[in-house]
Number of protein chains: 2
Amino acid sequence: MVKALERIDNRLRWIDQTRLPAVVDYKESDDYFEIIRAIKRLEIRGAPAIGIAAAYGLAVAVERAKIYNPDFIRKVGSEFKNARPTAVNLSWAVDRVLARLNDSEGNPISDAQPLWEEAEEIHREDEQMCEKIGANGAELIEDGSTILTHCNAGALATGGIGTALGVIYTCRNQGKNIKVYVDETRPLLQGARLTAWELMHEKIDTTLICDNTAGMLMRQGKIDCVIVGADRIARNGDIANKIGTYPVAVLAREHDVPFYVAAPASTFDDNIKTGDDITIEERAPEEVTRGFGRATAPDDTKVYSPAFDITPHNLISQYITDSGNKPGGREQS
Amino acid sequence: MVKALERIDNRLRWIDQTRLPAVVDYKESDDYFEIIRAIKRLEIRGAPAIGIAAAYGLAVAVERAKIYNPDFIRKVGSEFKNARPTAVNLSWAVDRVLARLNDSEGNPISDAQPLWEEAEEIHREDEQMCEKIGANGAELIEDGSTILTHCNAGALATGGIGTALGVIYTCRNQGKNIKVYVDETRPLLQGARLTAWELMHEKIDTTLICDNTAGMLMRQGKIDCVIVGADRIARNGDIANKIGTYPVAVLAREHDVPFYVAAPASTFDDNIKTGDDITIEERAPEEVTRGFGRATAPDDTKVYSPAFDITPHNLISQYITDSGNKPGGREQS
């Protein structure tokens with residue numbers, strides 16, 4: 001299984017996901033600015049992965065600066081938290097590392113070791129979380145199923161086998177015969193570039209579709225269930241996930257296709273009441289108008305390009321989490 | 001208003017729509033093979049426009065070959081009919097021209113003149129049809145409306161001002177303030193490349209979105225109605241239109257947004273019972289995996305890329321036609 005993130009001595013190593021699938025480019029850095037830049041540029045993406053990267057990034061920053069002043073470290077932590085606004089894991093992971101600023105006696109730390117330890121612990125927990133989500137989700141999936149997924153909630157998005165794709169890998173490891181349709185996921189094509197690449201690397205039967213084709217497949221009865229990840233889950237169960245998740249959820253209910261959300265406990269944000277309270281990041285127009293290296297719309301076209309949408313809880317059949325499966329708000333038919 | 005097609009002496013002139021918006025490239029030819037190729041390559045596209053192009057194409061072929069044998073002309077007609085399988089207008093237009101193979105006394109024609117006349121008549125009727133659709137549709141649209149459209153059912157798709165976009169142009173000419181959201185329409189981006197270009201050329205307030213973003217906009221209450229074209233309409237009112245139309249129709253009903261289909265009478269095909277009997281063209285995988293000149297998915301990725309989907313009549317609020325507006329099968333709320 002591909003590793004999106006790895007600690008190499010005092011550096012972080014990552015796959016530059018903007019270059020996949022054409023080039024598998026591993027980058028390494030001991031400069032935390034480069035790690036923040038990699039998060040902003042989506043070289044590292046996926047809610048769990050950016051949390052892990054930020055945790056390692058804090059350790060990288062302190063290791064290199066040799067400054068153990070809590071104010072400095074908190075300031076670096078804020079920079080990581082602000083790298084992207086929607087996923088809760090980013091601030092969750094940063095806060096966990098910041099809790100190690102002082103030793104057990106309340107004195108400031110004198111080396112970066114405790115921060116590395118916490119980052120590695122977050123990474124290890126994420127790996128185990130993926131395994132548990134995989135096992136819990138696999139209970140819902142019958143042999144011979146055809147699954148639709150959107151965006152990338154796989155190994156590339158996490159510290160382990162992934163969340164939505166973790167379920168698929170676990171089914172495969174259990175000997176189940178699984179087919180997967182992958183939404184290409186405009187504008188940045190994480191489905192085409194990352195999910196199709198990951199699944200094919202793992203020899204899963206994969207078919208790529210344009211985002212607007214899922215409706216037709218469901219109408220033809222070709223999809224047995226949908227599994228997606230989530231970037232943030234509000235207290236009422238509404239989720240923020242990659243733009244295009246909401247229409248898939250509406251179509252799934254229309255066709256009586258179960259709609260599963262696979263996400264770790266850390267994605268649930270009790271501070272947020274409903275999905276409508278979640279801040280939605282907007283992306284640059286050029287990702288739509290010249291996202292492939294040449295102009296595909298007039299140069300001065302106005303564009304609306306939110307990175308995420310909100311899927312209300314009443315469209316969700318089940319949440320698949322590391323602590324078990326929980327029913328969503330969708331009425332069973 | 002831009003002209004997609006024009007007769008220039010004994011040649012057909014067209015805009016190569018595959019090169020828009022970067023280059024406005026007018027092509028001319030007196031070789032019918034090139035016209036068929038232009039239809040297959042989508043240089044000329046849109047159900048009404050390919051009908052007109054095929055009608056002119058038959059005249060072009062006979063003019064150049066100077067062969068008036070009905071078998072030859074019928075053979076050329078079949079080649080045009082087979083250029084693309086889904087739109088009914090293609091065979092409808094060809095059959096109209098073929099009806100002029102003999103003069104009023106039943107003798108074979110002795111020059112291409114009657115074929116040119118019929119092609120020009122089809123073109124003129126299409127122009128008038130667009131005007132009528134525009135006027136009929138505009139009755140449904142209030143001042144200040146925000147309209148969502150998918151693909152391109154505009155001047156570029158017809159011999160006149162367009163069908164779905166014809167309604168928008170007519171509203172604008174009536175002094176109504178109209179905003180338009182345009183689905184980019186993967187894989188070939190007719191929305192981004194053609195509709196945004198056309199609307200901006202006509203100074204209409206236009207915002208481009210990825211196909212997967214329409215759901216979020218409707219949930220936010222930002223869309224007042226949807227207007228799309230149709231490539232074929234079955235006897236029961238089901239329509240075939242560009243892939244991605246069906247999910248928009250499901251979302252429109254979910255959000256109580258009227259869903260209008262603007263199409264000429266020639267699009268209604270009484271020989272086809274329901275949408276499921278309509279042949280759906282499949283497009284090449286490369287349009288999805290390397291549609292923009294570089295690989296955006298692994299090279300050997302399996303792809304499912306239907307050019308059209310079926311929207312059942314019970315998701316359609318009204319049909320806007322040149323002979324008036326007809327209620328669709330969607331229950332009014």
# chains A, B, ... in the order shown; residues from 1 in each chain; ligands from 1
>>> residues_around(residues="Arg253 of chain A", least_positions_apart="2", cutoff="12 Å", atoms="only C-alpha atoms", output="VMD selection string")
(chain A and resid 215 218 to 219 224 to 226 246 to 251 255 to 260 311 313 to 317 329 to 333) or (chain B and resid 250 to 251 254)
>>> write_last_selection(atoms="C-alpha atoms", output="compact mmCIF listing (two decimals), in the first residue's frame")
# COMPACT_ATOMS: atom_id res chain seq x y z
CA GLY A 215 -27.09 9.47 -11.79
CA MET A 218 -27.87 4.49 -10.39
CA ARG A 219 -30.92 4.71 -12.64
CA ASP A 224 -25.12 -1.16 -4.88
CA CYS A 225 -23.88 1.47 -2.45
CA VAL A 226 -21.99 4.74 -2.18
CA TYR A 246 -24.40 16.27 -1.92
CA PRO A 247 -25.85 15.53 -5.39
CA VAL A 248 -24.59 11.93 -5.12
CA ALA A 249 -26.41 11.63 -1.77
CA VAL A 250 -29.65 12.99 -3.26
CA LEU A 251 -29.37 10.57 -6.19
CA HIS A 255 -32.60 5.21 -6.17
CA ASP A 256 -32.67 3.48 -2.80
CA VAL A 257 -28.91 3.07 -2.86
CA PRO A 258 -27.33 3.10 0.64
CA PHE A 259 -25.11 6.12 1.23
CA TYR A 260 -22.27 5.50 3.70
CA THR A 311 -24.76 16.75 2.82
CA HIS A 313 -27.77 13.96 7.87
CA ASN A 314 -31.14 12.86 6.48
CA LEU A 315 -29.42 11.69 3.28
CA ILE A 316 -26.90 9.50 5.13
CA SER A 317 -27.67 5.82 5.71
CA GLY A 329 -30.84 10.19 9.46
CA ARG A 330 -32.04 8.65 6.21
CA GLU A 331 -35.20 6.65 6.51
CA GLN A 332 -34.73 3.03 5.57
CA SER A 333 -37.00 1.89 2.78
CA VAL B 250 -33.54 15.08 -9.85
CA LEU B 251 -31.94 17.92 -7.88
CA GLU B 254 -35.73 17.92 -4.76
>>> residues_around(residues="segment 18-24 of chain A", least_positions_apart="2", cutoff="10 Å", atoms="only C-alpha atoms", output="PyMOL selection string")
(chain A and resi 15-16+26-27+38+41-45+188-190+192-198) or (chain B and resi 294-299)
>>> write_last_selection(atoms="N, CA and C atoms", output="CSV table (one decimal), in the first residue's frame")
chain,number,residue,atom,x,y,z
A,15,ILE,N,4.2,12.2,-0.8
A,15,ILE,CA,4.0,12.1,-2.3
A,15,ILE,C,3.4,13.4,-2.7
A,16,ASP,N,3.9,14.1,-3.7
A,16,ASP,CA,3.3,15.3,-4.3
A,16,ASP,C,2.1,14.9,-5.1
A,26,TYR,N,8.2,11.7,-4.7
A,26,TYR,CA,8.4,11.8,-3.3
A,26,TYR,C,9.2,13.0,-2.9
A,27,LYS,N,8.6,13.9,-2.1
A,27,LYS,CA,9.4,15.1,-1.6
A,27,LYS,C,9.7,14.9,-0.1
A,38,ALA,N,2.9,22.7,0.9
A,38,ALA,CA,2.4,21.5,0.4
A,38,ALA,C,0.9,21.2,0.7
A,41,ARG,N,-1.1,23.8,-1.4
A,41,ARG,CA,-1.1,23.4,-2.8
A,41,ARG,C,-1.8,22.1,-3.1
A,42,LEU,N,-2.2,21.4,-2.0
A,42,LEU,CA,-2.9,20.1,-2.1
A,42,LEU,C,-1.9,19.0,-2.6
A,43,GLU,N,-0.6,19.3,-2.4
A,43,GLU,CA,0.4,18.2,-2.6
A,43,GLU,C,0.1,17.1,-1.5
A,44,ILE,N,-0.3,17.6,-0.3
A,44,ILE,CA,-0.8,16.7,0.7
A,44,ILE,C,-2.2,17.1,0.9
A,45,ARG,N,-3.2,16.1,0.8
A,45,ARG,CA,-4.6,16.5,1.0
A,45,ARG,C,-5.3,15.3,1.6
A,188,LEU,N,-10.4,19.4,-9.3
A,188,LEU,CA,-9.0,18.9,-9.2
A,188,LEU,C,-8.8,17.4,-9.5
A,189,LEU,N,-9.9,16.8,-9.8
A,189,LEU,CA,-9.8,15.4,-10.4
A,189,LEU,C,-9.2,14.4,-9.4
A,190,GLN,N,-9.4,14.6,-8.1
A,190,GLN,CA,-8.8,13.6,-7.2
A,190,GLN,C,-9.3,12.2,-7.4
A,192,ALA,N,-10.0,10.8,-10.5
A,192,ALA,CA,-9.3,10.3,-11.6
A,192,ALA,C,-7.8,10.2,-11.3
A,193,ARG,N,-7.3,11.2,-10.7
A,193,ARG,CA,-5.8,11.2,-10.5
A,193,ARG,C,-5.3,10.3,-9.4
A,194,LEU,N,-6.1,10.3,-8.3
A,194,LEU,CA,-5.7,9.6,-7.1
A,194,LEU,C,-6.4,8.3,-6.8
A,195,THR,N,-7.7,8.4,-6.8
A,195,THR,CA,-8.5,7.2,-6.4
A,195,THR,C,-8.3,6.1,-7.4
A,196,ALA,N,-8.5,6.4,-8.7
A,196,ALA,CA,-8.3,5.4,-9.8
A,196,ALA,C,-6.9,4.9,-9.7
A,197,TRP,N,-5.9,5.7,-9.5
A,197,TRP,CA,-4.5,5.3,-9.4
A,197,TRP,C,-4.3,4.3,-8.2
A,198,GLU,N,-4.8,4.7,-7.1
A,198,GLU,CA,-4.7,3.9,-5.9
A,198,GLU,C,-5.3,2.5,-6.0
B,294,ARG,N,-3.4,16.6,-21.5
B,294,ARG,CA,-2.5,15.8,-20.7
B,294,ARG,C,-3.2,14.8,-19.8
B,295,ALA,N,-2.5,13.7,-19.4
B,295,ALA,CA,-3.1,12.6,-18.7
B,295,ALA,C,-3.6,13.1,-17.3
B,296,THR,N,-4.9,12.8,-17.1
B,296,THR,CA,-5.5,13.2,-15.8
B,296,THR,C,-6.0,11.9,-15.1
B,297,ALA,N,-5.6,10.7,-15.6
B,297,ALA,CA,-5.9,9.5,-15.0
B,297,ALA,C,-4.9,8.5,-15.5
B,298,PRO,N,-4.7,7.4,-14.8
B,298,PRO,CA,-3.7,6.4,-15.3
B,298,PRO,C,-4.1,6.0,-16.7
B,299,ASP,N,-3.1,5.7,-17.5
B,299,ASP,CA,-3.4,5.5,-18.9
B,299,ASP,C,-4.3,4.3,-19.3
>>> residues_around(residues="Arg235 of chain A", least_positions_apart="2", cutoff="8 Å", atoms="only C-alpha atoms", output="list of chain:residue names")
A:Ile233, A:Gly237, A:Asp238, A:Phe268, A:Asp269, A:Asp270, A:Asn271, A:Ile272, A:Lys273, A:Thr274
>>> select_by_dssp(residues="segment 94-265 of chain A", states="helix (DSSP H, G or I)", output="VMD selection string")
chain A and resid 94 to 98 113 to 138 155 to 157 164 to 173 190 to 201 211 to 219 245 to 254 265
>>> residues_around(residues="Asp205 of chain B", least_positions_apart="5", cutoff="9 Å", atoms="only C-alpha atoms", output="ChimeraX atom specification")
/A:302 /B:177-181,199-200
>>> write_last_selection(atoms="all heavy atoms", output="short mmCIF file (atom, residue, chain, number, x, y, z; two decimals), in the first residue's frame")
data_model
loop_
_atom_site.label_atom_id
_atom_site.label_comp_id
_atom_site.auth_asym_id
_atom_site.auth_seq_id
_atom_site.Cartn_x
_atom_site.Cartn_y
_atom_site.Cartn_z
N LYS A 302 -16.53 34.48 -14.98
CA LYS A 302 -16.78 34.39 -13.53
C LYS A 302 -16.97 32.92 -13.17
O LYS A 302 -17.64 32.19 -13.91
CB LYS A 302 -18.09 35.12 -13.19
CG LYS A 302 -17.92 36.44 -12.52
CD LYS A 302 -19.23 36.95 -11.92
CE LYS A 302 -20.35 37.14 -12.92
NZ LYS A 302 -21.58 37.71 -12.34
N ASN B 177 -33.89 41.23 -16.40
CA ASN B 177 -32.57 41.08 -15.81
C ASN B 177 -32.36 39.60 -15.46
O ASN B 177 -33.05 39.08 -14.59
CB ASN B 177 -32.49 41.97 -14.56
CG ASN B 177 -31.11 41.97 -13.96
OD1 ASN B 177 -30.14 41.57 -14.60
ND2 ASN B 177 -31.02 42.40 -12.71
N ILE B 178 -31.47 38.96 -16.16
CA ILE B 178 -31.30 37.51 -16.02
C ILE B 178 -29.85 37.19 -15.68
O ILE B 178 -28.93 37.74 -16.28
CB ILE B 178 -31.65 36.79 -17.35
CG1 ILE B 178 -33.10 37.08 -17.77
CG2 ILE B 178 -31.38 35.30 -17.28
CD1 ILE B 178 -34.14 36.46 -16.90
N LYS B 179 -29.68 36.30 -14.70
CA LYS B 179 -28.34 35.76 -14.42
C LYS B 179 -28.33 34.29 -14.81
O LYS B 179 -29.35 33.60 -14.65
CB LYS B 179 -28.02 35.85 -12.92
CG LYS B 179 -27.66 37.24 -12.47
CD LYS B 179 -27.19 37.21 -11.03
CE LYS B 179 -26.99 38.63 -10.54
NZ LYS B 179 -26.70 38.66 -9.11
N VAL B 180 -27.18 33.82 -15.26
CA VAL B 180 -27.11 32.42 -15.69
C VAL B 180 -25.93 31.71 -15.03
O VAL B 180 -24.81 32.23 -15.02
CB VAL B 180 -26.98 32.31 -17.23
CG1 VAL B 180 -26.99 30.85 -17.67
CG2 VAL B 180 -28.10 33.08 -17.92
N TYR B 181 -26.20 30.57 -14.43
CA TYR B 181 -25.14 29.64 -14.03
C TYR B 181 -25.02 28.58 -15.11
O TYR B 181 -26.03 28.05 -15.59
CB TYR B 181 -25.45 28.97 -12.70
CG TYR B 181 -25.14 29.84 -11.49
CD1 TYR B 181 -26.13 30.62 -10.90
CD2 TYR B 181 -23.87 29.87 -10.95
CE1 TYR B 181 -25.85 31.42 -9.79
CE2 TYR B 181 -23.58 30.66 -9.84
CZ TYR B 181 -24.57 31.43 -9.27
OH TYR B 181 -24.27 32.20 -8.18
N LEU B 199 -22.80 33.30 -24.12
CA LEU B 199 -23.53 34.21 -23.23
C LEU B 199 -22.73 35.47 -22.96
O LEU B 199 -23.27 36.57 -22.92
CB LEU B 199 -23.86 33.50 -21.90
CG LEU B 199 -24.90 32.38 -21.96
CD1 LEU B 199 -24.95 31.64 -20.62
CD2 LEU B 199 -26.30 32.93 -22.28
N MET B 200 -21.42 35.31 -22.75
CA MET B 200 -20.58 36.48 -22.47
C MET B 200 -20.47 37.37 -23.72
O MET B 200 -20.45 38.59 -23.61
CB MET B 200 -19.21 36.03 -21.98
CG MET B 200 -19.28 35.44 -20.57
SD MET B 200 -17.78 34.55 -20.09
CE MET B 200 -16.63 35.93 -19.94
#
>>> atom_distance(atom1="atom CA of Phe33 of chain B", atom2="atom CA of Gly106 of chain B")
28.6 Å
>>> select_by_dssp(residues="segment 101-308 of chain B", states="strand (DSSP E or B)", output="tab-separated table (two decimals) with N, CA, C and O atoms, in the first residue's frame")
chain	number	residue	atom	x	y	z
B	102	ASN	N	-36.75	13.48	-56.45
B	102	ASN	CA	-37.50	13.49	-57.70
B	102	ASN	C	-38.27	14.80	-57.81
B	102	ASN	O	-38.66	15.39	-56.78
B	108	PRO	N	-36.13	11.89	-61.72
B	108	PRO	CA	-34.94	12.26	-60.94
B	108	PRO	C	-34.54	13.71	-61.25
B	108	PRO	O	-34.69	14.16	-62.39
B	146	THR	N	-32.58	33.81	-11.85
B	146	THR	CA	-31.29	33.16	-12.04
B	146	THR	C	-31.55	31.77	-12.60
B	146	THR	O	-32.28	30.98	-12.01
B	147	ILE	N	-30.96	31.51	-13.76
B	147	ILE	CA	-31.25	30.30	-14.52
B	147	ILE	C	-30.01	29.41	-14.57
B	147	ILE	O	-28.90	29.90	-14.77
B	148	LEU	N	-30.21	28.11	-14.38
B	148	LEU	CA	-29.11	27.15	-14.58
B	148	LEU	C	-29.30	26.47	-15.92
B	148	LEU	O	-30.42	26.06	-16.26
B	149	THR	N	-28.23	26.34	-16.69
B	149	THR	CA	-28.31	25.55	-17.92
B	149	THR	C	-27.15	24.56	-17.98
B	149	THR	O	-26.14	24.71	-17.27
B	154	GLY	N	-27.58	26.60	-27.56
B	154	GLY	CA	-27.57	28.01	-27.94
B	154	GLY	C	-27.45	28.21	-29.43
B	154	GLY	O	-27.74	27.29	-30.22
B	162	GLY	N	-30.81	29.68	-30.75
B	162	GLY	CA	-30.73	28.59	-29.79
B	162	GLY	C	-32.08	28.25	-29.20
B	162	GLY	O	-33.08	28.96	-29.45
B	179	LYS	N	-29.68	36.30	-14.70
B	179	LYS	CA	-28.34	35.76	-14.42
B	179	LYS	C	-28.33	34.29	-14.81
B	179	LYS	O	-29.35	33.60	-14.65
B	180	VAL	N	-27.18	33.82	-15.26
B	180	VAL	CA	-27.11	32.42	-15.69
B	180	VAL	C	-25.93	31.71	-15.03
B	180	VAL	O	-24.81	32.23	-15.02
B	181	TYR	N	-26.20	30.57	-14.43
B	181	TYR	CA	-25.14	29.64	-14.03
B	181	TYR	C	-25.02	28.58	-15.11
B	181	TYR	O	-26.03	28.05	-15.59
B	182	VAL	N	-23.80	28.27	-15.49
B	182	VAL	CA	-23.54	27.33	-16.58
B	182	VAL	C	-22.75	26.13	-16.05
B	182	VAL	O	-21.64	26.29	-15.55
B	183	ASP	N	-23.32	24.94	-16.16
B	183	ASP	CA	-22.56	23.71	-15.87
B	183	ASP	C	-21.45	23.57	-16.91
B	183	ASP	O	-21.71	23.63	-18.11
B	205	ASP	N	-25.00	38.09	-17.78
B	205	ASP	CA	-24.28	37.84	-16.52
B	205	ASP	C	-24.15	36.32	-16.32
B	205	ASP	O	-25.13	35.63	-16.05
B	206	THR	N	-22.95	35.83	-16.45
B	206	THR	CA	-22.70	34.38	-16.55
B	206	THR	C	-21.71	33.92	-15.48
B	206	THR	O	-20.68	34.55	-15.29
B	207	THR	N	-22.03	32.84	-14.79
B	207	THR	CA	-21.10	32.24	-13.83
B	207	THR	C	-20.94	30.77	-14.17
B	207	THR	O	-21.93	30.04	-14.30
B	208	LEU	N	-19.70	30.36	-14.29
B	208	LEU	CA	-19.40	28.97	-14.64
B	208	LEU	C	-19.24	28.14	-13.36
B	208	LEU	O	-18.63	28.60	-12.40
B	209	ILE	N	-19.80	26.94	-13.37
B	209	ILE	CA	-19.61	26.02	-12.24
B	209	ILE	C	-19.24	24.63	-12.77
B	209	ILE	O	-19.53	24.30	-13.92
B	225	CYS	N	-34.76	28.59	-11.88
B	225	CYS	CA	-35.24	27.54	-12.78
B	225	CYS	C	-34.07	26.97	-13.58
B	225	CYS	O	-33.00	27.56	-13.65
B	226	VAL	N	-34.31	25.79	-14.14
B	226	VAL	CA	-33.33	25.14	-15.02
B	226	VAL	C	-33.93	25.11	-16.42
B	226	VAL	O	-35.12	24.81	-16.58
B	227	ILE	N	-33.14	25.46	-17.42
B	227	ILE	CA	-33.56	25.27	-18.82
B	227	ILE	C	-32.47	24.50	-19.55
B	227	ILE	O	-31.31	24.90	-19.53
B	228	VAL	N	-32.87	23.41	-20.18
B	228	VAL	CA	-31.94	22.62	-20.98
B	228	VAL	C	-32.57	22.35	-22.34
B	228	VAL	O	-33.77	22.55	-22.53
B	232	ARG	N	-33.43	14.17	-28.13
B	232	ARG	CA	-34.53	13.34	-28.63
B	232	ARG	C	-35.58	13.25	-27.52
B	232	ARG	O	-35.22	13.16	-26.34
B	233	ILE	N	-36.83	13.30	-27.89
B	233	ILE	CA	-37.91	13.19	-26.90
B	233	ILE	C	-38.81	12.04	-27.31
B	233	ILE	O	-39.31	12.00	-28.45
B	239	ILE	N	-36.75	12.42	-22.10
B	239	ILE	CA	-35.81	13.06	-23.02
B	239	ILE	C	-34.42	12.45	-22.91
B	239	ILE	O	-33.99	12.00	-21.86
B	240	ALA	N	-33.74	12.44	-24.05
B	240	ALA	CA	-32.29	12.20	-24.05
B	240	ALA	C	-31.64	13.57	-24.20
B	240	ALA	O	-32.01	14.33	-25.09
B	241	ASN	N	-30.72	13.87	-23.32
B	241	ASN	CA	-29.95	15.11	-23.44
B	241	ASN	C	-28.56	14.83	-22.89
B	241	ASN	O	-28.29	13.75	-22.36
B	242	LYS	N	-27.69	15.78	-23.02
B	242	LYS	CA	-26.29	15.64	-22.61
B	242	LYS	C	-26.16	14.97	-21.25
B	242	LYS	O	-26.91	15.26	-20.32
B	259	PHE	N	-38.08	22.75	-13.89
B	259	PHE	CA	-37.13	22.17	-14.84
B	259	PHE	C	-37.76	22.19	-16.23
B	259	PHE	O	-38.71	21.47	-16.50
B	260	TYR	N	-37.24	23.07	-17.10
B	260	TYR	CA	-37.82	23.27	-18.43
B	260	TYR	C	-36.94	22.66	-19.51
B	260	TYR	O	-35.72	22.79	-19.47
B	261	VAL	N	-37.58	22.02	-20.48
B	261	VAL	CA	-36.88	21.47	-21.64
B	261	VAL	C	-37.31	22.25	-22.87
B	261	VAL	O	-38.50	22.28	-23.20
B	262	ALA	N	-36.36	22.94	-23.51
B	262	ALA	CA	-36.67	23.74	-24.69
B	262	ALA	C	-36.20	22.99	-25.92
B	262	ALA	O	-35.01	22.69	-26.06
B	268	PHE	N	-39.22	15.68	-31.09
B	268	PHE	CA	-40.16	14.66	-30.59
B	268	PHE	C	-40.19	13.50	-31.58
B	268	PHE	O	-40.43	13.70	-32.76
B	282	GLU	N	-21.75	6.13	-26.86
B	282	GLU	CA	-20.66	6.17	-25.88
B	282	GLU	C	-19.44	6.85	-26.50
B	282	GLU	O	-19.12	6.63	-27.65
B	302	LYS	N	-10.11	2.01	-17.05
B	302	LYS	CA	-11.40	1.75	-17.70
B	302	LYS	C	-12.29	2.96	-17.51
B	302	LYS	O	-12.32	3.54	-16.41
B	303	VAL	N	-13.04	3.33	-18.53
B	303	VAL	CA	-13.89	4.52	-18.45
B	303	VAL	C	-15.27	4.18	-18.97
B	303	VAL	O	-15.41	3.44	-19.95
B	306	PRO	N	-20.92	7.71	-21.37
B	306	PRO	CA	-22.07	7.91	-22.26
B	306	PRO	C	-22.20	9.40	-22.60
B	306	PRO	O	-21.94	10.25	-21.75
B	308	PHE	N	-25.00	10.88	-23.45
B	308	PHE	CA	-26.33	11.38	-23.07
B	308	PHE	C	-26.85	10.57	-21.89
B	308	PHE	O	-26.37	9.47	-21.62
>>> closest_residue(among="A:Gly144, A:Pro85, A:Pro114, A:Gly166", to="Ile280 of chain A", atoms="only C-alpha atoms")
A:Pro85
>>> residues_around(residues="segment 118-134 of chain A", least_positions_apart="3", cutoff="8 Å", atoms="only C-alpha atoms", output="PyMOL selection string")
chain A and resi 48+52+55-56+59+93+96-97+100+114-115+137-138+158-171+262-264+320-324
>>> closest_residue(among="B:Gly77, B:Pro327, B:Pro312, B:Pro187", to="chain A", atoms="only C-alpha atoms")
B:Pro187
>>> closest_residue(among="A:Ala230, A:Leu156, A:Ala265, A:Ile204", to="chain B", atoms="only C-alpha atoms")
A:Ile204
>>> residues_around(residues="Asp9 of chain A", least_positions_apart="2", cutoff="12 Å", atoms="only C-alpha atoms", output="JSON list (two decimals) with C-alpha atoms, in the first residue's frame")
[["chain", "number", "residue", "atom", "x", "y", "z"],
["A", 6, "GLU", "CA", 6.40, 9.19, 6.36],
["A", 7, "ARG", "CA", 8.88, 10.51, 8.92],
["A", 11, "ARG", "CA", 12.18, 15.37, 7.90],
["A", 12, "LEU", "CA", 8.71, 14.73, 6.55],
["A", 13, "ARG", "CA", 8.44, 12.77, 3.32],
["A", 28, "GLU", "CA", 11.23, 15.49, 1.70],
["A", 29, "SER", "CA", 11.71, 18.59, 3.76],
["A", 30, "ASP", "CA", 12.91, 19.81, 7.14],
["A", 56, "TYR", "CA", 4.87, 16.30, 11.95],
["A", 59, "ALA", "CA", 7.95, 18.86, 15.17],
["A", 60, "VAL", "CA", 9.96, 19.65, 12.02],
["A", 63, "GLU", "CA", 13.58, 20.60, 15.52],
["A", 113, "GLN", "CA", 11.30, 14.85, 20.99],
["A", 116, "TRP", "CA", 7.78, 13.96, 17.34]]
